[in-house]
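Asker: One structure follows; several queries about it will come next.
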Amino acid sequence: MAKASKAAGKRLGEQHNSLHSLVYQEIRAAIVSGRLRPGERLVEERFAEEYGVSRNPVREAIRALSSEGLVDVSSRKGAHVAELAPEKIGEIIEIRALLESHNARLAARHRNPVTLKGVEAILSKGQAAVGAGRHKGLRELNDQFHEALAEAGNNQLLSEMLGSLRARSALLFSPENPQRQAISWEEHAGILQAILDGDEELAARRAMSHVLGAGEAHLKSIRDADGATQGDV
């Protein structure tokens, strides 16, 4: 009887962990994709109803996302998608540029044909979407491209660090304009070509330039928006 109770308790624990993981992945994906915007409230009851779970897995998922820096929790506002202070934006861009650059260098050194074939497939999808003017979903493809590149670097710790930074970068970027999207995918192609050629230095330079360029475009959009707001006043 004791063994049966212990086994049942273990199954319930595994089920709870599975629910927590599912809810965590769903909310995280919504933040990274931009479906949940910075400052948006995360109401436990809403997610519990949406995913058909109790509030406990939702609460644990929000706690985990808070530890990642993707969610802020306060007694006054409750849980909401994190909003980055302006001074943090430059820090994230700088660190990510350095790590993406080193990862591209490693990818060019290893040149794993299986992994790089997957990167090429994602690149083709992104280029086709840009060419056809299909902007919806490009954000997810962009994340997939950089995730696949991180895997190509063959450094697990570096890949995990880049994954965390990519998630936090999602708090920075609003949907890009078509011109910037086209530039981004051209730069993706350039990075991949340097990796395929085994040119470590060129791959590293292109990766750094890509991240810094995207970051500067975002900072410019913030400055332009602030200027427009001040002009309205």
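Residue names in the structure tokens use chain letters A, B, ... in the order shown, residue numbers from 1 in each chain, and ligand numbers from 1 in the order shown.
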Can you pull out the residues contacting Glu160 in chain A? Cut-off 12 Å, using only C-alpha atoms, and skip same-chain residues under 4 positions away; I want them as number ranges by chain.
Answerer: A: 68, 99-100, 103, 146-148, 150-151, 153-156, 164-167
Asker: Please, which residues of range 154-199 of chain A, numbered as in this document, come out alpha helix (DSSP H) from DSSP, as a ChimeraX atom specification?
Answerer: /A:156-169,178-196
Asker: Where does DSSP see strand (DSSP E or B) in range 27-225 of chain A, if you list the residues as number ranges by chain?
Answerer: A: 41, 71-74, 78-81
Asker: Save the residues we just selected, C-alpha atoms, as a PDB file, in the first residue's frame?
Answerer:
```pdb
ATOM      1  CA  ARG A  41      -0.183  42.174 -17.203  1.00  0.00           C
ATOM      2  CA  VAL A  71       8.705  39.074 -16.093  1.00  0.00           C
ATOM      3  CA  ASP A  72       8.549  41.639 -13.296  1.00  0.00           C
ATOM      4  CA  VAL A  73       6.442  40.998 -10.213  1.00  0.00           C
ATOM      5  CA  SER A  74       5.464  43.790  -7.838  1.00  0.00           C
ATOM      6  CA  GLY A  78       1.273  42.258  -9.977  1.00  0.00           C
ATOM      7  CA  ALA A  79       3.034  40.221 -12.669  1.00  0.00           C
ATOM      8  CA  HIS A  80       3.702  41.842 -16.025  1.00  0.00           C
ATOM      9  CA  VAL A  81       6.063  41.425 -18.961  1.00  0.00           C
TER      10      VAL A  81
END
```
Asker: What is the distance, in Å and to one decimal place, between CA of Gln25 in chain A and CA of Lys125 in chain A?
Answerer: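 That distance, rounded to one decimal, is 23.7 Å.
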Asker: Compile the contact shell of Arg206 in chain A as a list in words: residues with an atom at most 8 Å away, counting only C-alpha atoms, same-chain residues fewer than 4 positions apart removed.
Answerer: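 Residues meeting the cut-off are Ser101, Glu187, Gly190, Ile191, Leu202 and His210 of chain A.
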Asker: Keeping only C-alpha atoms, write those residues as a short mmCIF file (atom, residue, chain, number, x, y, z; two decimals), in the first residue's frame.
Answerer:
```cif
data_model
loop_
_atom_site.label_atom_id
_atom_site.label_comp_id
_atom_site.auth_asym_id
_atom_site.auth_seq_id
_atom_site.Cartn_x
_atom_site.Cartn_y
_atom_site.Cartn_z
CA SER A 101 30.47 37.08 -32.78
CA GLU A 187 23.07 39.92 -43.18
CA GLY A 190 26.37 36.85 -45.24
CA ILE A 191 27.06 35.36 -41.81
CA LEU A 202 34.71 37.27 -41.40
CA HIS A 210 24.52 42.40 -37.58
#
```
Asker: Applying 12 Å and only C-alpha atoms, which residues near Ala30 in chain A remain after dropping the ones on its own chain fewer than 4 positions away? List them as a list in words.
Answerer: Val23, Tyr24, Gln25, Glu26, Gly34, Arg35, Leu36, Arg37, Pro38, Glu40, Leu42, Phe47, Leu65, Leu70, Val81, Arg139, Glu140, Ala167, Ala170 and Leu171 of chain A
Asker: Those same residues - N, CA and C atoms - I'd like them written as a PDB file, in the first residue's frame.
Answerer:
```pdb
ATOM      1  N   VAL A  23       3.188  25.292 -19.386  1.00  0.00           N
ATOM      2  CA  VAL A  23       2.728  26.674 -19.220  1.00  0.00           C
ATOM      3  C   VAL A  23       3.900  27.642 -19.361  1.00  0.00           C
ATOM      4  N   TYR A  24       5.029  27.278 -18.776  1.00  0.00           N
ATOM      5  CA  TYR A  24       6.237  28.111 -18.879  1.00  0.00           C
ATOM      6  C   TYR A  24       6.626  28.317 -20.341  1.00  0.00           C
ATOM      7  N   GLN A  25       6.670  27.227 -21.106  1.00  0.00           N
ATOM      8  CA  GLN A  25       7.065  27.319 -22.513  1.00  0.00           C
ATOM      9  C   GLN A  25       6.077  28.163 -23.316  1.00  0.00           C
ATOM     10  N   GLU A  26       4.793  28.024 -23.032  1.00  0.00           N
ATOM     11  CA  GLU A  26       3.772  28.765 -23.776  1.00  0.00           C
ATOM     12  C   GLU A  26       3.864  30.269 -23.499  1.00  0.00           C
ATOM     13  N   GLY A  34       6.492  38.339 -29.180  1.00  0.00           N
ATOM     14  CA  GLY A  34       5.902  39.673 -29.183  1.00  0.00           C
ATOM     15  C   GLY A  34       4.396  39.678 -29.018  1.00  0.00           C
ATOM     16  N   ARG A  35       3.789  38.479 -28.874  1.00  0.00           N
ATOM     17  CA  ARG A  35       2.339  38.445 -28.654  1.00  0.00           C
ATOM     18  C   ARG A  35       1.984  39.061 -27.300  1.00  0.00           C
ATOM     19  N   LEU A  36       2.878  38.898 -26.341  1.00  0.00           N
ATOM     20  CA  LEU A  36       2.746  39.589 -25.059  1.00  0.00           C
ATOM     21  C   LEU A  36       3.784  40.701 -25.043  1.00  0.00           C
ATOM     22  N   ARG A  37       3.330  41.931 -24.927  1.00  0.00           N
ATOM     23  CA  ARG A  37       4.204  43.089 -25.054  1.00  0.00           C
ATOM     24  C   ARG A  37       4.733  43.549 -23.692  1.00  0.00           C
ATOM     25  N   PRO A  38       5.883  44.227 -23.663  1.00  0.00           N
ATOM     26  CA  PRO A  38       6.410  44.765 -22.414  1.00  0.00           C
ATOM     27  C   PRO A  38       5.366  45.611 -21.682  1.00  0.00           C
ATOM     28  N   GLU A  40       2.647  44.405 -20.336  1.00  0.00           N
ATOM     29  CA  GLU A  40       1.342  43.733 -20.322  1.00  0.00           C
ATOM     30  C   GLU A  40       1.208  42.855 -19.081  1.00  0.00           C
ATOM     31  N   LEU A  42       0.143  39.873 -16.588  1.00  0.00           N
ATOM     32  CA  LEU A  42       0.004  38.425 -16.694  1.00  0.00           C
ATOM     33  C   LEU A  42      -0.942  37.978 -15.585  1.00  0.00           C
ATOM     34  N   PHE A  47      -4.525  32.639 -17.743  1.00  0.00           N
ATOM     35  CA  PHE A  47      -3.706  31.560 -18.287  1.00  0.00           C
ATOM     36  C   PHE A  47      -4.188  30.196 -17.806  1.00  0.00           C
ATOM     37  N   LEU A  65       9.938  32.656 -15.090  1.00  0.00           N
ATOM     38  CA  LEU A  65      10.162  33.714 -16.077  1.00  0.00           C
ATOM     39  C   LEU A  65      10.705  34.973 -15.414  1.00  0.00           C
ATOM     40  N   LEU A  70      12.412  38.053 -17.684  1.00  0.00           N
ATOM     41  CA  LEU A  70      11.380  38.311 -18.687  1.00  0.00           C
ATOM     42  C   LEU A  70      10.092  38.847 -18.072  1.00  0.00           C
ATOM     43  N   VAL A  81       4.887  41.603 -18.116  1.00  0.00           N
ATOM     44  CA  VAL A  81       6.063  41.425 -18.961  1.00  0.00           C
ATOM     45  C   VAL A  81       7.048  42.550 -18.665  1.00  0.00           C
ATOM     46  N   ARG A 139       9.604  37.211 -37.100  1.00  0.00           N
ATOM     47  CA  ARG A 139      10.254  37.308 -35.788  1.00  0.00           C
ATOM     48  C   ARG A 139      10.603  35.917 -35.269  1.00  0.00           C
ATOM     49  N   GLU A 140       9.663  34.964 -35.421  1.00  0.00           N
ATOM     50  CA  GLU A 140       9.918  33.599 -34.982  1.00  0.00           C
ATOM     51  C   GLU A 140      11.023  32.957 -35.814  1.00  0.00           C
ATOM     52  N   ALA A 167      16.037  35.908 -25.620  1.00  0.00           N
ATOM     53  CA  ALA A 167      14.733  36.094 -24.982  1.00  0.00           C
ATOM     54  C   ALA A 167      14.598  37.513 -24.442  1.00  0.00           C
ATOM     55  N   ALA A 170      13.991  40.101 -27.021  1.00  0.00           N
ATOM     56  CA  ALA A 170      12.612  40.188 -27.507  1.00  0.00           C
ATOM     57  C   ALA A 170      11.867  41.331 -26.837  1.00  0.00           C
ATOM     58  N   LEU A 171      12.323  41.726 -25.643  1.00  0.00           N
ATOM     59  CA  LEU A 171      11.696  42.851 -24.952  1.00  0.00           C
ATOM     60  C   LEU A 171      12.076  44.177 -25.589  1.00  0.00           C
TER      61      LEU A 171
END
```
Asker: Tell me, as a list in words, which residues lie within 9 Å of Ile195 in chain A, counting only C-alpha atoms; anything in the same chain fewer than 4 positions away does not count.
Answerer: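 Final neighbour list, sorted by chain and number: Ala104, Arg105, Leu106, Ala107, Ala108, Arg109, His110, Arg111, Leu116, Gly190, Ile191, Asp199, Glu200, Leu202, Ala203 and Ala204 of chain A.
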Asker: Skipping near chain neighbours, those fewer than 3 positions away, what residues fall within 9 Å of Leu212 in chain A using only C-alpha atoms, listed as a PyMOL selection string?
Answerer: chain A and resi 93-94+96-97+207-209+215-217
Asker: Please write the residues from the selection above to a file, keeping C-alpha atoms, as a short mmCIF file (atom, residue, chain, number, x, y, z; two decimals), in the first residue's frame.
Answerer:
```cif
data_model
loop_
_atom_site.label_atom_id
_atom_site.label_comp_id
_atom_site.auth_asym_id
_atom_site.auth_seq_id
_atom_site.Cartn_x
_atom_site.Cartn_y
_atom_site.Cartn_z
CA ILE A 93 23.11 44.70 -27.31
CA GLU A 94 26.82 44.93 -26.46
CA ARG A 96 24.93 39.79 -27.29
CA ALA A 97 27.10 41.21 -30.10
CA ALA A 207 27.77 38.55 -36.72
CA MET A 208 28.87 41.46 -34.54
CA SER A 209 27.94 44.02 -37.20
CA GLY A 215 20.41 47.38 -31.99
CA GLU A 216 21.16 50.80 -33.45
CA ALA A 217 18.03 50.60 -35.62
#
```
Asker: Counting only C-alpha atoms, which of A:Gly213, A:Glu201, A:Leu149, A:Arg76 gets nearest to Val114 in chain A?
Answerer: A:Leu149
Asker: Suppose you want the space between CA of Glu44 in chain A and CA of Leu84 in chain A; what is it in Å?
Answerer: 22.4 Å
Asker: Kindly give the distance, in Å, that separates CA of His188 in chain A and CA of Phe145 in chain A, rounded to a single decimal.
Answerer: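 We find that CA of His188 in chain A and CA of Phe145 in chain A lie 8.2 Å from each other.
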Asker: Could you check the closest approach to Arg168 in chain A for each of A:Thr115, A:Gln144, A:Ser33, A:Ser54 and tell me which residue wins, using only C-alpha atoms?
Answerer: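 Closest candidate: A:Ser33.
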Asker: Under the rule that only C-alpha atoms are counted, which of A:Ala82, A:Val32, A:Leu19, A:Met161 is the nearest residue to Glu60 in chain A?
Answerer: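 Among the listed residues, the smallest separation from Glu60 in chain A belongs to A:Leu19.
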